[in-house]
file start_23.cif (mmCIF, C-alpha atoms)
data_my_file
#
loop_
_atom_site.label_atom_id
_atom_site.label_comp_id
_atom_site.auth_asym_id
_atom_site.auth_seq_id
_atom_site.Cartn_x
_atom_site.Cartn_y
_atom_site.Cartn_z
CA MET A 101 -45.38 -203.77 -137.54
CA PHE A 102 -45.98 -206.36 -134.82
CA ARG A 103 -42.33 -206.12 -133.75
CA LEU A 104 -42.67 -202.37 -133.33
CA ILE A 105 -45.86 -202.83 -131.32
CA PHE A 106 -44.14 -205.31 -129.02
CA LEU A 107 -41.26 -202.86 -128.61
CA LEU A 108 -43.65 -200.06 -127.64
CA LEU A 109 -45.26 -202.32 -125.04
CA VAL A 110 -42.01 -202.10 -123.05
CA PRO A 111 -42.12 -198.34 -122.28
CA LEU A 112 -45.91 -198.38 -121.98
CA GLY A 113 -45.82 -201.30 -119.56
CA VAL A 114 -43.03 -199.84 -117.43
CA ALA A 115 -44.72 -196.42 -117.32
CA GLY A 116 -48.11 -197.89 -116.42
CA LEU A 117 -46.69 -200.17 -113.74
CA SER A 118 -44.61 -197.40 -112.18
CA PHE A 119 -47.64 -195.07 -112.16
CA LEU A 120 -49.57 -197.64 -110.14
CA ILE A 121 -46.73 -198.50 -107.77
CA PHE A 122 -45.57 -194.93 -107.13
CA LYS A 123 -49.00 -193.31 -107.30
CA THR A 124 -48.18 -190.82 -104.55
CA THR A 125 -45.00 -189.53 -106.21
CA ILE A 126 -45.65 -189.81 -109.96
CA THR A 127 -48.39 -187.46 -111.13
CA VAL A 128 -50.52 -187.68 -114.25
CA LYS A 129 -48.37 -185.05 -115.96
CA GLU A 130 -45.19 -186.94 -115.09
CA PHE A 131 -46.76 -190.17 -116.30
CA ALA A 132 -47.68 -188.53 -119.61
CA LEU A 133 -44.17 -187.09 -119.93
CA GLN A 134 -42.59 -190.48 -119.24
CA VAL A 135 -44.80 -192.18 -121.83
CA GLY A 136 -44.11 -189.47 -124.42
CA LEU A 137 -40.34 -189.54 -123.94
CA SER A 138 -39.91 -193.30 -123.75
CA VAL A 139 -42.22 -194.03 -126.71
CA SER A 140 -40.57 -191.31 -128.81
CA LEU A 141 -37.10 -192.71 -128.05
CA ALA A 142 -38.27 -196.24 -128.85
CA ILE A 143 -39.67 -195.16 -132.22
CA ALA A 144 -36.54 -193.12 -132.99
CA GLY A 145 -34.35 -196.12 -132.14
CA TRP A 146 -36.49 -198.33 -134.35
CA MET A 147 -36.20 -195.95 -137.30
CA ILE A 148 -32.43 -195.56 -136.87
CA ALA A 149 -31.99 -199.35 -136.69
CA ARG A 150 -34.10 -199.80 -139.84
CA TRP A 151 -32.05 -197.22 -141.70
CA GLY A 152 -28.76 -198.69 -140.47
CA GLY A 153 -29.79 -202.15 -141.64
CA MET A 154 -30.12 -200.88 -145.21
CA GLN A 155 -26.70 -199.21 -145.46
CA SER A 156 -24.29 -200.66 -148.00
CA THR A 157 -21.22 -199.60 -149.96
CA GLU A 158 -20.42 -199.55 -153.64
CA HIS A 159 -17.08 -199.05 -155.38
CA TRP A 160 -16.37 -196.07 -157.60
CA ASN A 161 -13.52 -196.91 -159.95
CA GLY A 162 -10.92 -194.61 -161.44
CA HIS A 163 -7.19 -193.93 -161.19
CA ILE A 164 -4.79 -191.93 -159.05
CA ILE A 165 -4.22 -188.42 -160.42
CA ASP A 166 -2.02 -187.00 -157.65
CA LYS A 167 -0.09 -187.86 -154.49
CA ARG A 168 0.27 -185.30 -151.70
CA ASP A 169 1.70 -185.06 -148.21
CA GLY A 170 2.17 -182.38 -145.58
CA THR A 171 1.82 -181.34 -141.97
CA GLU A 172 -1.08 -180.18 -139.81
CA SER A 173 -1.72 -179.01 -136.28
CA CYS A 174 -1.32 -181.79 -133.78
CA CYS A 175 -4.43 -183.94 -133.46
CA HIS A 176 -3.32 -185.51 -130.17
CA CYS A 177 -4.22 -182.72 -127.78
CA ARG A 178 -6.02 -182.63 -124.46
CA THR A 179 -7.10 -180.05 -121.92
CA GLU A 180 -5.45 -180.12 -118.50
CA CYS A 181 -6.00 -178.07 -115.37
CA ASN A 182 -3.38 -175.33 -115.01
CA GLY A 183 -4.31 -174.02 -111.58
CA ARG A 184 -6.56 -174.75 -108.63
CA ASP A 185 -7.99 -172.77 -105.72
CA LYS A 186 -7.71 -173.76 -102.06
CA ASP A 187 -10.76 -176.04 -102.42
CA GLY A 188 -9.17 -177.94 -105.28
CA ASN A 189 -11.40 -176.47 -107.98
CA CYS A 190 -9.77 -175.83 -111.35
CA THR A 191 -9.35 -172.11 -111.98
CA SER A 192 -7.51 -172.21 -115.34
CA GLU A 193 -6.85 -174.69 -118.09
CA ARG A 194 -4.20 -175.31 -120.72
CA THR A 195 -4.01 -177.34 -123.91
CA VAL A 196 -1.28 -179.96 -124.04
CA CYS A 197 -0.32 -181.70 -127.32
CA ASP A 198 1.87 -184.75 -127.84
CA HIS A 199 3.62 -183.28 -130.89
CA ILE A 200 4.38 -179.91 -132.42
CA LEU A 201 2.96 -181.08 -135.73
CA ASP A 202 1.27 -184.16 -137.17
CA TYR A 203 1.84 -185.56 -140.66
CA TRP A 204 -0.62 -186.56 -143.36
CA TRP A 205 -0.57 -188.34 -146.71
CA ALA A 206 -3.24 -188.37 -149.41
CA ILE A 207 -3.98 -189.44 -152.95
CA ASP A 208 -6.47 -187.78 -155.29
CA VAL A 209 -8.59 -190.11 -157.44
CA SER A 210 -10.21 -189.37 -160.80
CA THR A 211 -13.61 -190.11 -159.22
CA GLY A 212 -13.31 -186.77 -157.41
CA ASP A 213 -12.42 -188.40 -154.09
CA THR A 214 -9.41 -187.86 -151.86
CA ILE A 215 -8.12 -190.73 -149.74
CA HIS A 216 -6.55 -189.11 -146.68
CA ASP A 217 -4.42 -190.66 -143.97
CA GLY A 218 -3.53 -188.12 -141.30
CA CYS A 219 -2.97 -187.35 -137.63
CA HIS A 220 0.31 -189.28 -137.46
CA GLY A 221 3.04 -188.20 -135.08
CA PHE A 222 5.72 -189.85 -137.23
CA ASP A 223 7.13 -188.55 -140.50
CA HIS A 224 7.85 -191.79 -142.36
CA GLU A 225 5.57 -192.61 -145.27
CA PRO A 226 2.92 -195.30 -144.77
CA ALA A 227 3.47 -198.29 -147.03
CA TRP A 228 0.19 -197.89 -148.94
CA TRP A 229 1.06 -194.31 -149.93
CA ALA A 230 4.70 -195.06 -150.75
CA HIS A 231 3.66 -197.81 -153.18
CA ALA A 232 0.86 -195.80 -154.83
CA ASN A 233 1.62 -194.43 -158.30
CA VAL A 234 -0.05 -191.71 -160.33
CA GLY A 235 -2.08 -193.37 -163.09
CA GLU A 236 -2.64 -196.56 -161.07
CA ALA A 237 -6.18 -197.90 -160.86
CA ALA A 238 -7.97 -196.98 -157.65
CA SER A 239 -11.36 -197.75 -156.11
CA VAL A 240 -13.19 -195.73 -153.48
CA ALA A 241 -16.00 -197.00 -151.26
CA HIS A 242 -19.20 -194.93 -151.23
CA SER A 243 -22.10 -195.61 -148.91
CA TYR A 244 -25.72 -195.72 -150.03
CA THR A 245 -29.12 -196.94 -148.85
CA ASN A 246 -29.72 -200.44 -150.22
CA TYR A 247 -33.48 -200.96 -150.32
CA LEU A 248 -32.99 -204.57 -151.39
CA GLN A 249 -31.82 -205.37 -147.86
CA ALA A 250 -35.20 -204.28 -146.53
CA ASP A 251 -37.00 -207.26 -148.06
CA PRO A 252 -34.64 -209.64 -149.87
CA GLU A 253 -37.24 -212.38 -150.33
CA SER A 254 -39.42 -210.11 -152.45
CA ILE A 255 -36.75 -209.86 -155.16
CA LEU A 256 -35.05 -213.26 -154.93
CA HIS A 257 -37.56 -215.32 -156.87
CA HIS A 258 -35.68 -218.58 -156.49
CA SER A 259 -34.14 -220.66 -153.76
CA ALA A 260 -30.39 -221.29 -153.73
CA ASP A 261 -28.86 -224.42 -152.26
CA PRO A 262 -27.79 -223.53 -148.66
CA ASN A 263 -24.68 -225.67 -149.15
CA ASP A 264 -23.69 -223.51 -152.11
CA LEU A 265 -24.27 -220.30 -150.19
CA GLU A 266 -21.77 -221.35 -147.53
CA THR A 267 -19.00 -221.74 -150.12
CA ILE A 268 -19.35 -218.36 -151.78
CA PRO A 269 -16.76 -215.76 -150.70
CA PRO A 270 -17.94 -212.24 -149.81
CA PHE A 271 -18.12 -209.50 -152.39
CA PRO A 272 -14.60 -208.03 -152.85
CA GLN A 273 -13.65 -205.34 -150.34
CA ILE A 274 -11.12 -202.53 -150.66
CA TYR A 275 -7.75 -203.05 -148.99
CA ASP A 276 -4.65 -200.84 -148.68
CA LYS A 277 -6.94 -197.80 -148.93
CA TYR A 278 -7.68 -198.02 -152.68
CA LYS A 279 -7.01 -201.54 -154.00
CA VAL A 280 -9.61 -204.21 -154.72
CA SER A 281 -9.68 -207.51 -156.57
CA LYS A 282 -11.95 -207.62 -159.60
CA VAL A 283 -11.61 -211.40 -159.99
CA VAL A 284 -13.20 -213.83 -157.51
CA VAL A 285 -12.30 -217.54 -157.73
CA HIS A 286 -14.34 -220.43 -156.34
CA GLY A 287 -13.95 -224.19 -156.12
CA GLY A 288 -10.36 -224.36 -157.24
CA ALA A 289 -10.75 -222.18 -160.32
CA GLN A 290 -7.65 -220.29 -161.44
CA SER A 291 -7.66 -216.76 -162.76
CA PRO A 292 -5.65 -216.04 -165.92
CA ARG A 293 -2.58 -213.97 -165.12
CA LEU A 294 -3.58 -210.69 -166.77
CA TRP A 295 -7.25 -210.62 -165.90
CA GLN A 296 -6.86 -208.57 -162.74
CA SER A 297 -4.89 -205.78 -164.41
CA LYS A 298 -7.17 -205.80 -167.46
CA LEU A 299 -10.31 -205.59 -165.34
CA LEU A 300 -8.84 -202.76 -163.27
CA LYS A 301 -8.10 -200.86 -166.48
CA LEU A 302 -11.58 -201.62 -167.82
CA ASN A 303 -13.21 -200.37 -164.62
CA ASP A 304 -11.08 -197.23 -164.78
CA ASP A 305 -12.25 -196.62 -168.35
CA LEU A 306 -15.95 -197.38 -167.80
CA GLY A 307 -16.47 -196.76 -164.10
CA GLU A 308 -17.50 -193.13 -164.37
CA LYS A 309 -18.94 -193.23 -167.89
CA LYS A 310 -21.28 -196.16 -167.28
CA GLN A 311 -21.52 -195.99 -163.46
CA VAL A 312 -20.52 -199.63 -163.30
CA ASP A 313 -18.27 -201.88 -161.23
CA ILE A 314 -17.33 -204.98 -163.25
CA VAL A 315 -16.37 -208.15 -161.35
CA VAL A 316 -15.69 -211.63 -162.77
CA PHE A 317 -16.57 -214.68 -160.65
CA LEU A 318 -14.82 -217.89 -161.80
CA THR A 319 -16.01 -221.29 -160.58
CA THR A 320 -15.43 -224.95 -161.41
CA ARG A 321 -19.13 -225.67 -160.97
CA THR A 322 -20.61 -226.99 -164.20
CA ASP A 323 -24.26 -226.13 -163.51
CA PRO A 324 -25.28 -222.61 -164.63
CA GLU A 325 -27.88 -222.60 -161.83
CA PHE A 326 -24.94 -221.92 -159.50
CA ALA A 327 -25.18 -218.28 -160.59
CA PHE A 328 -28.39 -218.07 -158.56
CA ALA A 329 -26.39 -218.89 -155.43
CA VAL A 330 -24.02 -216.00 -156.15
CA GLU A 331 -27.05 -213.80 -156.74
CA ALA A 332 -28.56 -214.77 -153.38
CA ALA A 333 -25.33 -214.64 -151.39
CA TRP A 334 -24.45 -211.18 -152.69
CA LEU A 335 -28.06 -209.98 -152.98
CA TYR A 336 -27.20 -209.05 -156.57
CA GLY A 337 -24.16 -207.10 -155.38
CA PRO A 338 -23.86 -203.33 -154.85
CA LYS A 339 -26.17 -201.12 -156.90
CA ASN A 340 -23.55 -200.28 -159.55
CA SER A 341 -22.05 -203.76 -159.81
CA LEU A 342 -22.10 -206.12 -162.77
CA THR A 343 -20.81 -209.59 -161.88
CA ILE A 344 -20.11 -212.04 -164.69
CA VAL A 345 -20.21 -215.57 -163.31
CA MET A 346 -18.34 -218.13 -165.43
CA GLY A 347 -18.12 -221.89 -165.08
CA THR A 348 -14.85 -223.30 -166.34
CA ASP A 349 -12.94 -226.56 -166.67
CA GLY A 350 -9.66 -224.69 -166.30
CA LYS A 351 -9.19 -224.03 -170.00
CA THR A 352 -12.57 -223.22 -171.50
CA ILE A 353 -15.63 -221.26 -170.41
CA LEU A 354 -18.48 -223.75 -170.01
CA TRP A 355 -21.26 -221.29 -169.20
CA ALA A 356 -21.69 -217.63 -168.25
CA ARG A 357 -24.36 -215.57 -166.50
CA THR A 358 -24.69 -211.97 -165.27
CA VAL A 359 -25.60 -210.96 -161.71
CA THR A 360 -26.79 -207.38 -161.27
CA ILE A 361 -29.82 -205.42 -160.11
CA SER A 362 -29.75 -203.47 -163.37
CA ASP A 363 -32.17 -204.40 -166.11
CA VAL A 364 -29.70 -205.38 -168.85
CA GLN A 365 -31.45 -208.21 -170.62
CA GLU A 366 -29.68 -207.75 -173.97
CA LEU A 367 -26.27 -207.74 -172.30
CA SER A 368 -27.15 -210.81 -170.23
CA ILE A 369 -28.21 -212.73 -173.34
CA THR A 370 -25.00 -211.81 -175.16
CA ILE A 371 -22.85 -212.93 -172.22
CA ARG A 372 -24.81 -216.17 -171.91
CA ASP A 373 -24.59 -217.01 -175.61
CA GLU A 374 -21.19 -215.65 -176.67
CA LEU A 375 -18.81 -216.56 -173.85
CA PRO A 376 -19.25 -220.37 -173.59
CA GLY A 377 -16.66 -222.20 -175.66
CA ARG A 378 -14.11 -219.40 -175.53
CA ALA A 379 -10.68 -220.13 -174.07
CA LEU A 380 -9.86 -218.59 -170.71
CA ASP A 381 -6.55 -217.38 -172.05
CA ASP A 382 -8.17 -215.65 -175.02
CA PRO A 383 -6.36 -212.27 -175.05
CA ASP A 384 -9.46 -210.54 -176.43
CA LEU A 385 -11.91 -211.88 -173.84
CA ILE A 386 -11.84 -208.94 -171.41
CA ASP A 387 -11.93 -206.50 -174.32
CA PHE A 388 -15.03 -208.30 -175.64
CA ILE A 389 -16.72 -207.99 -172.24
CA GLY A 390 -15.76 -204.31 -172.09
CA ASN A 391 -17.24 -203.59 -175.52
CA GLN A 392 -20.51 -205.30 -174.59
CA VAL A 393 -20.76 -203.38 -171.31
CA ARG A 394 -19.92 -200.12 -173.09
CA SER A 395 -22.74 -200.56 -175.61
CA LYS A 396 -25.40 -202.43 -173.62
CA PHE A 397 -25.13 -201.60 -169.91
CA THR A 398 -27.38 -198.99 -168.32
CA ARG A 399 -27.51 -198.82 -164.54
CA THR A 400 -30.92 -199.11 -162.92
CA PRO A 401 -31.28 -196.47 -160.14
CA MET A 402 -31.67 -197.79 -156.62
CA ALA A 403 -34.59 -195.37 -156.26
CA ASN A 404 -36.61 -197.84 -158.36
CA TYR A 405 -36.59 -200.17 -155.35
CA GLU A 406 -37.50 -197.58 -152.72
CA TYR A 407 -40.92 -199.17 -152.31
CA LEU A 408 -39.21 -202.04 -150.45
CA ALA A 409 -38.24 -199.73 -147.57
CA SER A 410 -41.68 -200.08 -145.98
CA ALA A 411 -40.89 -203.74 -145.23
CA ALA A 412 -37.61 -202.99 -143.43
CA VAL A 413 -37.25 -204.08 -139.81
CA PRO A 414 -34.24 -204.02 -137.46
CA LYS A 415 -32.06 -207.10 -137.48
CA GLY A 416 -32.29 -209.65 -134.67
CA TRP A 417 -29.39 -208.32 -132.60
CA GLN A 418 -30.62 -204.77 -133.15
CA LEU A 419 -34.04 -205.70 -131.77
CA VAL A 420 -32.51 -207.29 -128.68
CA LEU A 421 -30.38 -204.19 -128.11
CA LEU A 422 -33.39 -201.93 -128.64
CA TYR A 423 -35.49 -203.85 -126.11
CA PHE A 424 -32.66 -203.61 -123.57
CA LEU A 425 -32.03 -199.90 -124.12
CA VAL A 426 -35.72 -198.99 -124.08
CA LEU A 427 -36.14 -200.95 -120.86
CA LEU A 428 -33.20 -199.15 -119.24
CA ILE A 429 -34.47 -195.75 -120.39
CA SER A 430 -37.96 -196.49 -119.11
CA ILE A 431 -36.63 -197.56 -115.71
CA GLY A 432 -34.40 -194.48 -115.61
CA LEU A 433 -37.38 -192.22 -116.34
CA THR A 434 -39.39 -193.98 -113.63
CA ILE A 435 -36.67 -193.29 -111.07
CA THR A 436 -36.44 -189.66 -112.20
CA MET A 437 -40.19 -189.10 -111.98
CA HIS A 438 -40.29 -190.80 -108.58
CA VAL A 439 -37.44 -188.80 -107.07
CA LYS A 440 -38.04 -185.38 -108.65
CA ASP A 441 -41.20 -183.28 -108.61
CA ILE A 442 -40.96 -182.26 -112.28
CA PHE A 443 -44.08 -180.06 -112.43
CA GLY A 444 -44.30 -179.06 -108.75
CA ASP A 445 -47.68 -180.73 -108.23
CA GLU A 446 -46.58 -183.93 -106.51
CA ARG A 447 -49.19 -185.73 -104.34
CA ARG A 448 -52.01 -183.31 -105.26
CA ARG A 449 -53.96 -186.18 -106.71
CA TYR A 450 -54.14 -187.88 -103.32
CA ARG A 451 -54.26 -184.92 -100.97
CA TYR A 452 -57.51 -184.76 -98.96
#

call {"tool": "encode", "arguments": {"input": "start_23.cif", "output": "structure tokens"}}
result
Amino acid sequence: MFRLIFLLLVPLGVAGLSFLIFKTTITVKEFALQVGLSVSLAIAGWMIARWGGMQSTEHWNGHIIDKRDGTESCCHCRTECNGRDKDGNCTSERTVCDHILDYWWAIDVSTGDTIHDGCHGFDHEPAWWAHANVGEAASVAHSYTNYLQADPESILHHSADPNDLETIPPFPQIYDKYKVSKVVVHGGAQSPRLWQSKLLKLNDDLGEKKQVDIVVFLTTRTDPEFAFAVEAAWLYGPKNSLTIVMGTDGKTILWARTVTISDVQELSITIRDELPGRALDDPDLIDFIGNQVRSKFTRTPMANYEYLASAAVPKGWQLVLLYFLVLLISIGLTITMHVKDIFGDERRRYRY
């Protein structure tokens, strides 16, 4: 709240100072208009920045059900003047396009999404589309409002070692339009060869049914408390994610924890108690995880955390930008009110 008050002091201060300096050209009505506009824009900017700071993405998992391609009207068009009068003014216009047609490529995903790549002037297939196969696992990014980002400290009830936080890679991101890694390795850990394909298949099977995105995080750290660092670095992960953090010596699982915003206590206990001691190359390991998720995972709606939104504030760089923009707008309004007689009553206040 104090940050918003300080932000509002900028337009109020500029408006008040300009009213005193240009008292013969800025009337009371113009002063009121300047204050109303500048304060409204400052508040609107504040709200937009708050909302933008809480935007995140989650991954919906499925498989490719169709590949399509075709042509469309050229997207690379512009309007040019087609004729001018003796004074050089344009009297007619024409639309000029770089191509007769543009080409597009798309894949349809079982999640109900279409990944489209269009407006290309060339007709050769992009590599990502050429290598995509019907039936192949696919993930699609969906945006949502992450209320946890509004006030992280209120939900992270522990402190992670800052040195650990610096070593943790970011949450996996989609590449090549629809691909994503479901295995994250840390500290020299090695992922078993088939885990990636098995986890992609598992996410395809359970993604829509359970509204879940299953990721495995492998580390050579031997202390289970390291899972708290993953929790803090990823802020629990996207709202539909379930991350299973495993400590390993390269052959055996030493410990296991779950990281998720969902309230899945029974699942977390099973993972904690049943996975340690199992071999990494156990062919049934991913199937075991899948069965536990299928029977014990229920996603907690993000709406349950909406109460955190009241604590949201713009990020540091957003605040600096807001102060700068509000200052420029306030100065611009001052110049406008000084130069123009908006209401036609200029100088009446001081006419004798």

call {"tool": "residues_near_point", "arguments": {"input": "start_23.cif", "point": "(-22.5, -228.9, -162.7)", "cutoff": "12 Å", "atoms": "all atoms listed in the file", "output": "NGL selection string"}}
result
:A and (264 or 287 or 319-327 or 346-349 or 354-355)

call {"tool": "closest_residue", "arguments": {"input": "start_23.cif", "among": "A:Val413, A:Ala260, A:Leu428, A:Ala403", "to": "Ala333 of chain A", "atoms": "all atoms listed in the file"}}
result
A:Ala260

call {"tool": "atom_distance", "arguments": {"input": "start_23.cif", "atom1": "atom CA of Ala329 of chain A", "atom2": "atom CA of Leu256 of chain A"}}
result
10.3 Å

call {"tool": "resolve_selection", "arguments": {"input": "start_23.cif", "expression": "the PyMOL selection byres ((chain A and resi 369) around 12)", "output": "PDB file with C-alpha atoms, keeping the file's coordinate frame"}}
result
ATOM      1  CA  ILE A 344     -20.110-212.040-164.690  1.00  0.00           C
ATOM      2  CA  TRP A 355     -21.260-221.290-169.200  1.00  0.00           C
ATOM      3  CA  ALA A 356     -21.690-217.630-168.250  1.00  0.00           C
ATOM      4  CA  ARG A 357     -24.360-215.570-166.500  1.00  0.00           C
ATOM      5  CA  THR A 358     -24.690-211.970-165.270  1.00  0.00           C
ATOM      6  CA  ASP A 363     -32.170-204.400-166.110  1.00  0.00           C
ATOM      7  CA  VAL A 364     -29.700-205.380-168.850  1.00  0.00           C
ATOM      8  CA  GLN A 365     -31.450-208.210-170.620  1.00  0.00           C
ATOM      9  CA  GLU A 366     -29.680-207.750-173.970  1.00  0.00           C
ATOM     10  CA  LEU A 367     -26.270-207.740-172.300  1.00  0.00           C
ATOM     11  CA  SER A 368     -27.150-210.810-170.230  1.00  0.00           C
ATOM     12  CA  THR A 370     -25.000-211.810-175.160  1.00  0.00           C
ATOM     13  CA  ILE A 371     -22.850-212.930-172.220  1.00  0.00           C
ATOM     14  CA  ARG A 372     -24.810-216.170-171.910  1.00  0.00           C
ATOM     15  CA  ASP A 373     -24.590-217.010-175.610  1.00  0.00           C
ATOM     16  CA  GLU A 374     -21.190-215.650-176.670  1.00  0.00           C
ATOM     17  CA  LEU A 375     -18.810-216.560-173.850  1.00  0.00           C
ATOM     18  CA  PRO A 376     -19.250-220.370-173.590  1.00  0.00           C
ATOM     19  CA  GLN A 392     -20.510-205.300-174.590  1.00  0.00           C
ATOM     20  CA  LYS A 396     -25.400-202.430-173.620  1.00  0.00           C
TER      21      LYS A 396
END

call {"tool": "atom_distance", "arguments": {"input": "start_23.cif", "atom1": "atom CA of Asn340 of chain A", "atom2": "atom CA of Pro269 of chain A"}}
result
19.1 Å

call {"tool": "residues_around", "arguments": {"input": "start_23.cif", "residues": "segment 120-122 of chain A", "least_positions_apart": "5", "cutoff": "10 Å", "atoms": "all atoms listed in the file", "output": "PyMOL selection string"}}
result
chain A and resi 115+127+434-435+437-438

call {"tool": "atom_distance", "arguments": {"input": "start_23.cif", "atom1": "atom CA of Gln249 of chain A", "atom2": "atom CA of Asn161 of chain A"}}
result
23.5 Å

call {"tool": "residues_around", "arguments": {"input": "start_23.cif", "residues": "Arg103 of chain A", "least_positions_apart": "3", "cutoff": "9 Å", "atoms": "only C-alpha atoms", "output": "ChimeraX atom specification"}}
result
/A:106-108,413,419

call {"tool": "resolve_selection", "arguments": {"input": "start_23.cif", "expression": "the PyMOL selection byres ((chain A and resi 246) around 10)", "output": "VMD selection string"}}
result
chain A and resid 151 to 158 243 to 245 247 to 250 338 to 339 402 to 403 405 to 406 408 to 409

call {"tool": "decode", "arguments": {"input": "start_23.cif", "residues": "segment 360-371 of chain A", "atoms": "C-alpha atoms", "output": "PDB file, in the first residue's frame"}}
result
ATOM      1  CA  THR A 360       3.464 -29.687  -5.386  1.00  0.00           C
ATOM      2  CA  ILE A 361       0.898 -27.118  -4.275  1.00  0.00           C
ATOM      3  CA  SER A 362      -1.741 -29.852  -4.197  1.00  0.00           C
ATOM      4  CA  ASP A 363      -2.717 -31.360  -0.881  1.00  0.00           C
ATOM      5  CA  VAL A 364      -1.697 -34.983  -1.498  1.00  0.00           C
ATOM      6  CA  GLN A 365      -0.474 -36.120   1.893  1.00  0.00           C
ATOM      7  CA  GLU A 366      -1.165 -39.834   1.342  1.00  0.00           C
ATOM      8  CA  LEU A 367       0.684 -39.816  -1.975  1.00  0.00           C
ATOM      9  CA  SER A 368       3.616 -37.917  -0.452  1.00  0.00           C
ATOM     10  CA  ILE A 369       3.927 -40.448   2.372  1.00  0.00           C
ATOM     11  CA  THR A 370       3.864 -43.368  -0.064  1.00  0.00           C
ATOM     12  CA  ILE A 371       6.573 -41.789  -2.234  1.00  0.00           C
TER      13      ILE A 371
END
